[in-house]
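See below for the structure under consideration.
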Number of protein chains: 2
Amino acid sequence: MTKARSSVATAKKEKVLASAETAEAKPIKRRRSADATRSRILWAAYGEFAAKGMEGARIDAIAERADANKRMIYHYFGDKEGLYLAVLEAAYERARSAERKLDLNRLDPEMAMGRLVEFTFDSFVKDRSFIQLLNTENLLGARYLRRSEKIPALHSPLFTMIADIVERGAAAGVFRNDVDPAQLWISIVSLSYFYFSNVHTLSFVIGKDLQAQPALAERKAHVVGMVLDYLRHKQG
Amino acid sequence: MTKARSSVATAKKEKVLASAETAEAKPIKRRRSADATRSRILWAAYGEFAAKGMEGARIDAIAERADANKRMIYHYFGDKEGLYLAVLEAAYERARSAERKLDLNRLDPEMAMGRLVEFTFDSFVKDRSFIQLLNTENLLGARYLRRSEKIPALHSPLFTMIADIVERGAAAGVFRNDVDPAQLWISIVSLSYFYFSNVHTLSFVIGKDLQAQPALAERKAHVVGMVLDYLRHKQG
DNA sequence: TGCCTTACGCACTAACCAGTTACTTACCTA
DNA sequence: TAGGTAAGTAACTGGTTAGTGCGTAAGGCA
């Protein structure tokens with residue numbers, strides 16, 4: 001039945017001659033490229049897992065998105081779980097790598113904290129998939145995160161930066177001196193993360209498109225203001 | 001192969017005789033109770049959908065949890081989507097109903113806001129499933145929420161309460177007067193919601209069990225403090 | 001030029017699962 | 001008490017999907 005294509009493929013390769021013909025099917029020939037194929041699969045899977053969740057994601061859909069054969073997924077990643085874990089690791093690595101590029105040492109504490117909060121907000125604007133993937137992983141009780149050997153139980157780079165900025169600010173007398181950096185880190189991420197992770201239900205309940213540009217700018221200003229006001233508060 | 005059981009069933013029913021024997025299965029008799037069965041299915045589905053997500057949830061698992069026959073699910077809710085929608089509506093209704101019971105009018109603005117923030121935090125402690133269900137629904141782009149006729153696009157009761165408290169506080173001179181109630185509502189929910197929706201990954205990254213009692217108390221105090229400090233801030 | 005490893009592809013299967021068919025049994029009312 | 005209706009059950013089905021068996025061809029190396 002579906003032998004037409006394979007018989008074409010079997011009929012030797014006159015690539016030099018046939019290169020202009022393109023036959024009926026698209027892929028007469030493909031260069032072999034392990035890294036490229038692996039990478040295409042990985043990012044296709046990132047999109048699929050983020051959009052549909054672990055159970056909702058379809059291996060066939062990933063293969064199609066990646067323009068790769070399904071068999072290759074099993075070749076490179078073993079099974080669905082292996083692929084999911086690789087995606088999770090790659091996503092974490094990418095997010096942390098972006099955080100590491102932040103250089104706030106030369107800014108005064110208030111400016112530095114403002115930049116850090118804005119960076120956090122903007123990173124979610126740029127890549128909404130990471131949030132969806134984290135939600136999926138939390139639904140699974142961080143099962144795969146725990147299983148990972150590539151994602152050590154280390155703090156986010158932001159964590160250290162926050163502790164540093166808060167300390168500098170307290171020393172300079174512009175920030176309060178009773179701040180727990182861990183709580184503050186969670187709060188800074190919260191204020192942006194929740195807005196994006198729940199955009200759809202929030203937009204519906206509030207009756208306004210929270211993904212539109214004016215709403216985004218409004219939210220970002222509010223978040224930065226709230227964090228800075230909290231820090232500037234003087235004790236006693 | 002699996003014909004053994006069906007041949008037993010085919011072999012007529014000597015129910016009258018066998019009534020005392022209890023055969024091999026447990027439920028020889030059950031009282032008929034439409035509402036009770038419907039309700040058992042609904043809350044079993046609530047747990048299953050929250051724990052596994054829309055795609056991950058299994059109809060057979062829900063039937064088993066509810067101690068009901070699978071056919072009953074289709075009898076009462078039509079199909080999986082109908083069941084999911086009913087669960088979503090019930091969950092929203094329950095959450096809002098709890099919010100409505102809050103009576104903060106007699107408290108001064110600071111006390112009232114403190115209570116409201118604590119209430120929000122505690123409601124997530126009491127029922128973690130609601131958060132998981134909201135995450136699932138957001139992954140689906142609020143598709144079912146929009147489809148619902150029972151959940152109108154009304155604000156949460158908390159929204160009105162927040163606006164009221166902020167206004168009272170500003171009038172009394174204890175709160176700043178430039179607060180956007182919508183942004184504040186999102187922020188108050190954020191600060192608690194994110195902590196719980198991401199407990200597993202956060203606990204792993206921070207290296208501490210955030211579900212344990214001391215961590216919960218610490219977080220609650222931080223959130224209340226942050227909101228109140230923000231509100232107490234006086235304008236230039 | 002021949003050989004061997006590895007990237008790649010097709011077509012299949014076994015399991016799973018939402019939904020259904022065909023039936024029995026409890027309860028209410030005329 | 002007859003009989004109709006709705007609650008309840010068991011066994012099946014058709015479509016879907018993760019995972020595989022087996023074969024082909026590309027490219028490096030001798």
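Each chain in the structure tokens gets a letter, A, B, ..., in the order shown, and its residues are numbered from 1; ligands are numbered from 1 in order too.
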
Superimpose chain A on chain B so that the squared distances between all in-order C-alpha pairs are minimised, and send the result as a short mmCIF file (atom, residue, chain, number, x, y, z; two decimals) with C-alpha atoms, in the first residue's frame.
data_model
loop_
_atom_site.label_atom_id
_atom_site.label_comp_id
_atom_site.auth_asym_id
_atom_site.auth_seq_id
_atom_site.Cartn_x
_atom_site.Cartn_y
_atom_site.Cartn_z
CA MET A 1 -13.63 -16.40 30.38
CA THR A 2 -14.67 -13.68 32.77
CA LYS A 3 -18.14 -15.11 32.85
CA ALA A 4 -17.85 -16.43 36.37
CA ARG A 5 -19.08 -13.28 37.99
CA SER A 6 -21.84 -12.52 35.57
CA SER A 7 -23.19 -16.05 35.91
CA VAL A 8 -23.31 -15.53 39.62
CA ALA A 9 -25.19 -12.32 39.04
CA THR A 10 -27.50 -14.02 36.59
CA ALA A 11 -28.27 -16.77 39.05
CA LYS A 12 -31.12 -14.82 40.55
CA LYS A 13 -30.82 -12.78 43.66
CA GLU A 14 -31.12 -14.56 46.91
CA LYS A 15 -30.00 -11.40 48.63
CA VAL A 16 -31.79 -12.16 51.81
CA LEU A 17 -30.14 -15.55 52.00
CA ALA A 18 -26.76 -14.69 50.49
CA SER A 19 -26.27 -11.43 52.28
CA ALA A 20 -23.74 -12.99 54.63
CA GLU A 21 -21.83 -14.98 52.02
CA THR A 22 -20.18 -12.12 50.09
CA ALA A 23 -19.31 -14.63 47.29
CA GLU A 24 -15.88 -14.02 45.67
CA ALA A 25 -16.45 -10.57 44.23
CA LYS A 26 -17.26 -7.59 46.38
CA PRO A 27 -20.23 -5.91 44.72
CA ILE A 28 -23.03 -8.44 44.69
CA LYS A 29 -25.52 -5.69 45.08
CA ARG A 30 -25.51 -1.95 45.05
CA ARG A 31 -28.29 0.40 45.92
CA ARG A 32 -29.18 2.71 43.08
CA SER A 33 -28.38 6.28 43.90
CA ALA A 34 -27.93 8.71 41.06
CA ASP A 35 -26.78 11.70 43.09
CA ALA A 36 -24.33 9.76 45.19
CA THR A 37 -22.72 8.09 42.18
CA ARG A 38 -22.51 11.35 40.28
CA SER A 39 -20.92 13.04 43.24
CA ARG A 40 -18.40 10.24 43.81
CA ILE A 41 -17.37 10.47 40.18
CA LEU A 42 -17.06 14.24 40.35
CA TRP A 43 -14.71 14.31 43.31
CA ALA A 44 -12.71 11.37 42.10
CA ALA A 45 -12.25 13.26 38.85
CA TYR A 46 -11.27 16.38 40.78
CA GLY A 47 -8.42 14.47 42.37
CA GLU A 48 -7.34 12.79 39.16
CA PHE A 49 -7.44 15.90 36.97
CA ALA A 50 -5.62 17.94 39.60
CA ALA A 51 -2.91 15.34 40.07
CA LYS A 52 -2.35 14.41 36.44
CA GLY A 53 -3.63 17.28 34.34
CA MET A 54 -6.19 17.15 31.56
CA GLU A 55 -4.24 14.82 29.27
CA GLY A 56 -2.63 12.83 32.04
CA ALA A 57 -5.91 12.00 33.75
CA ARG A 58 -7.30 8.56 32.93
CA ILE A 59 -11.00 7.87 32.69
CA ASP A 60 -10.46 4.33 33.92
CA ALA A 61 -8.55 5.63 36.94
CA ILE A 62 -11.39 8.01 37.76
CA ALA A 63 -13.93 5.19 37.53
CA GLU A 64 -11.85 3.09 39.88
CA ARG A 65 -11.30 5.93 42.37
CA ALA A 66 -15.04 6.59 42.36
CA ASP A 67 -15.80 2.89 42.71
CA ALA A 68 -18.14 3.34 39.79
CA ASN A 69 -18.41 1.79 36.37
CA LYS A 70 -16.73 3.70 33.58
CA ARG A 71 -19.98 3.69 31.67
CA MET A 72 -21.52 5.89 34.35
CA ILE A 73 -19.04 8.66 33.65
CA TYR A 74 -20.32 8.90 30.11
CA HIS A 75 -23.87 8.57 31.35
CA TYR A 76 -23.60 11.57 33.65
CA PHE A 77 -21.00 13.78 31.99
CA GLY A 78 -21.02 12.97 28.30
CA ASP A 79 -17.30 12.79 27.67
CA LYS A 80 -13.93 13.59 29.23
CA GLU A 81 -14.24 17.27 28.43
CA GLY A 82 -17.68 17.47 29.97
CA LEU A 83 -16.39 15.83 33.11
CA TYR A 84 -13.43 18.20 33.28
CA LEU A 85 -15.69 21.21 32.91
CA ALA A 86 -18.01 19.96 35.65
CA VAL A 87 -14.99 19.48 37.92
CA LEU A 88 -13.74 22.99 37.20
CA GLU A 89 -17.13 24.50 37.93
CA ALA A 90 -17.51 22.56 41.16
CA ALA A 91 -14.03 23.56 42.31
CA TYR A 92 -14.64 27.25 41.65
CA GLU A 93 -18.00 27.12 43.33
CA ARG A 94 -16.53 25.45 46.38
CA ALA A 95 -13.69 27.94 46.67
CA ARG A 96 -15.98 30.94 46.36
CA SER A 97 -18.45 29.48 48.74
CA ALA A 98 -15.72 29.22 51.39
CA GLU A 99 -14.68 32.82 50.72
CA ARG A 100 -18.23 34.05 51.18
CA LYS A 101 -18.29 32.71 54.72
CA LEU A 102 -15.59 35.17 55.74
CA ASP A 103 -17.12 37.89 57.89
CA LEU A 104 -14.66 40.71 58.36
CA ASN A 105 -16.94 43.68 58.75
CA ARG A 106 -16.67 43.82 62.51
CA LEU A 107 -12.88 43.81 62.55
CA ASP A 108 -10.76 46.93 62.26
CA PRO A 109 -8.97 47.31 58.90
CA GLU A 110 -5.61 45.91 59.97
CA MET A 111 -7.12 42.90 61.69
CA ALA A 112 -9.50 42.32 58.82
CA MET A 113 -6.73 42.40 56.23
CA GLY A 114 -4.58 40.12 58.34
CA ARG A 115 -7.40 37.61 58.60
CA LEU A 116 -8.08 37.79 54.88
CA VAL A 117 -4.47 37.13 53.96
CA GLU A 118 -4.26 34.26 56.44
CA PHE A 119 -7.50 32.82 55.10
CA THR A 120 -6.08 32.86 51.58
CA PHE A 121 -2.91 31.13 52.71
CA ASP A 122 -4.78 28.52 54.74
CA SER A 123 -7.20 27.73 51.94
CA PHE A 124 -4.25 26.58 49.86
CA VAL A 125 -2.95 24.49 52.73
CA LYS A 126 -6.33 22.79 53.01
CA ASP A 127 -6.79 22.03 49.34
CA ARG A 128 -3.76 21.80 47.16
CA SER A 129 -5.75 20.33 44.31
CA PHE A 130 -7.41 23.60 43.42
CA ILE A 131 -4.05 25.16 42.59
CA GLN A 132 -3.10 22.23 40.39
CA LEU A 133 -6.41 22.42 38.60
CA LEU A 134 -5.97 26.14 37.96
CA ASN A 135 -2.50 25.50 36.57
CA THR A 136 -3.90 22.89 34.24
CA GLU A 137 -6.64 25.23 33.12
CA ASN A 138 -4.14 27.99 32.45
CA LEU A 139 -2.03 25.63 30.40
CA LEU A 140 -5.16 25.21 28.30
CA GLY A 141 -5.52 28.97 28.02
CA ALA A 142 -8.67 29.00 30.19
CA ARG A 143 -10.46 27.25 27.34
CA TYR A 144 -13.01 25.51 29.53
CA LEU A 145 -13.47 28.35 31.97
CA ARG A 146 -14.55 30.51 29.05
CA ARG A 147 -16.88 27.80 27.85
CA SER A 148 -18.61 27.54 31.21
CA GLU A 149 -22.04 29.02 31.72
CA LYS A 150 -22.04 28.35 35.44
CA ILE A 151 -18.93 30.39 36.21
CA PRO A 152 -19.84 33.94 35.27
CA ALA A 153 -17.06 36.50 34.80
CA LEU A 154 -17.57 37.81 38.30
CA HIS A 155 -14.92 38.89 40.73
CA SER A 156 -13.98 36.68 43.60
CA PRO A 157 -15.77 37.63 46.82
CA LEU A 158 -12.32 38.43 48.18
CA PHE A 159 -11.98 41.15 45.60
CA THR A 160 -14.87 43.15 47.02
CA MET A 161 -13.75 42.52 50.57
CA ILE A 162 -10.27 43.82 49.82
CA ALA A 163 -11.62 46.97 48.22
CA ASP A 164 -13.82 47.51 51.25
CA ILE A 165 -11.09 46.98 53.84
CA VAL A 166 -8.66 49.22 51.98
CA GLU A 167 -11.26 51.95 51.82
CA ARG A 168 -12.07 51.69 55.50
CA GLY A 169 -8.39 51.72 56.35
CA ALA A 170 -7.72 54.78 54.23
CA ALA A 171 -10.70 56.59 55.76
CA ALA A 172 -9.41 55.81 59.24
CA GLY A 173 -5.98 57.07 58.31
CA VAL A 174 -4.18 53.79 59.00
CA PHE A 175 -3.73 52.71 55.36
CA ARG A 176 -2.33 54.56 52.41
CA ASN A 177 -4.95 55.91 50.02
CA ASP A 178 -3.44 55.12 46.61
CA VAL A 179 -4.05 51.37 46.52
CA ASP A 180 -5.45 49.65 43.47
CA PRO A 181 -7.64 46.85 44.86
CA ALA A 182 -7.24 44.69 41.75
CA GLN A 183 -3.44 44.77 41.95
CA LEU A 184 -3.55 44.16 45.67
CA TRP A 185 -5.86 41.18 45.23
CA ILE A 186 -3.51 39.65 42.67
CA SER A 187 -0.57 40.28 44.97
CA ILE A 188 -2.20 38.74 48.03
CA VAL A 189 -3.09 35.61 46.11
CA SER A 190 0.34 35.54 44.41
CA LEU A 191 2.33 35.51 47.62
CA SER A 192 0.61 32.35 48.83
CA TYR A 193 -0.28 30.66 45.55
CA PHE A 194 3.20 30.59 44.05
CA TYR A 195 4.66 29.16 47.22
CA PHE A 196 2.34 26.17 46.97
CA SER A 197 2.14 25.75 43.23
CA ASN A 198 5.94 25.56 43.10
CA VAL A 199 6.62 23.83 46.41
CA HIS A 200 8.46 20.97 44.81
CA THR A 201 10.92 22.91 42.68
CA LEU A 202 11.36 25.57 45.38
CA SER A 203 12.05 22.97 48.05
CA PHE A 204 14.66 21.41 45.80
CA VAL A 205 16.33 24.68 44.92
CA ILE A 206 16.31 26.01 48.49
CA GLY A 207 17.23 22.61 49.87
CA LYS A 208 14.54 22.56 52.55
CA ASP A 209 11.10 20.96 52.84
CA LEU A 210 8.74 23.87 52.40
CA GLN A 211 5.72 21.72 53.14
CA ALA A 212 6.83 21.06 56.70
CA GLN A 213 5.07 22.90 59.51
CA PRO A 214 7.78 25.37 60.55
CA ALA A 215 8.31 26.51 56.97
CA LEU A 216 4.57 27.01 56.50
CA ALA A 217 4.27 29.17 59.61
CA GLU A 218 7.29 31.20 58.56
CA ARG A 219 5.88 31.83 55.13
CA LYS A 220 2.45 32.78 56.42
CA ALA A 221 3.93 35.33 58.82
CA HIS A 222 6.07 36.81 56.06
CA VAL A 223 3.14 37.17 53.68
CA VAL A 224 0.87 38.81 56.24
CA GLY A 225 3.68 41.13 57.29
CA MET A 226 4.50 42.12 53.76
CA VAL A 227 0.92 43.00 52.85
CA LEU A 228 0.30 44.97 56.03
CA ASP A 229 3.60 46.82 55.81
CA TYR A 230 2.77 47.77 52.27
CA LEU A 231 -0.64 49.11 53.26
CA ARG A 232 0.58 50.95 56.35
CA HIS A 233 3.11 52.88 54.33
CA LYS A 234 2.23 56.55 54.39
CA GLN A 235 2.34 58.72 51.33
CA GLY A 236 4.68 61.67 50.90
#

Determine, using only C-alpha atoms (C1' of nucleotides), which residues of chain C have any atom at most 12 Å from an atom of range 17-23 of chain D, and tabulate each with its shortest atom pair and distance in Å to one decimal place, rows ordered by chain and then rising number, as JSON lines.
{"residue": "C:DC8", "atom": "C1'", "partner": "D:DG23", "partner_atom": "C1'", "distance": 10.7}
{"residue": "C:DG9", "atom": "C1'", "partner": "D:DG23", "partner_atom": "C1'", "distance": 8.9}
{"residue": "C:DC10", "atom": "C1'", "partner": "D:DG23", "partner_atom": "C1'", "distance": 8.9}
{"residue": "C:DA11", "atom": "C1'", "partner": "D:DG21", "partner_atom": "C1'", "distance": 9.6}
{"residue": "C:DC12", "atom": "C1'", "partner": "D:DT20", "partner_atom": "C1'", "distance": 8.3}
{"residue": "C:DT13", "atom": "C1'", "partner": "D:DT20", "partner_atom": "C1'", "distance": 8.2}
{"residue": "C:DA14", "atom": "C1'", "partner": "D:DG19", "partner_atom": "C1'", "distance": 9.3}
{"residue": "C:DA15", "atom": "C1'", "partner": "D:DA18", "partner_atom": "C1'", "distance": 9.0}
{"residue": "C:DC16", "atom": "C1'", "partner": "D:DT17", "partner_atom": "C1'", "distance": 8.5}
{"residue": "C:DC17", "atom": "C1'", "partner": "D:DT17", "partner_atom": "C1'", "distance": 10.5}

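Between C1' of DC27 in chain C and C1' of DG3 in chain D there is a distance of 11.9 Å.
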
Chain B contacts on chain D, only C-alpha atoms (C1' of nucleotides), 10 Å, as a PDB file with C-alpha atoms (C1' of nucleotides), in the first residue's frame:
ATOM      1  C1'  DA D   6     -34.368   5.525  37.089  1.00  0.00           C
ATOM      2  C1'  DA D   7     -30.238   3.535  39.557  1.00  0.00           C
ATOM      3  C1'  DG D   8     -26.942   0.277  39.062  1.00  0.00           C
ATOM      4  C1'  DT D   9     -23.752  -3.457  36.880  1.00  0.00           C
ATOM      5  C1'  DA D  10     -20.602  -6.349  33.842  1.00  0.00           C
ATOM      6  C1'  DA D  11     -18.509  -7.110  29.675  1.00  0.00           C
TER       7       DA D  11
END

Write out as a ChimeraX atom specification the residues lying within 12 Å of DG14 in chain D, counting only C-alpha atoms (C1' of nucleotides) and excluding same-chain residues fewer than 5 positions away. /C:17-20

So that I can check the secondary structure, give me every residue of range 15-177 of chain A assigned helix (DSSP H, G or I) by backbone DSSP, as a PyMOL selection string. chain A and resi 15-18+34-56+59-65+70-77+80-100+109-126+128-139+143-147+157-172
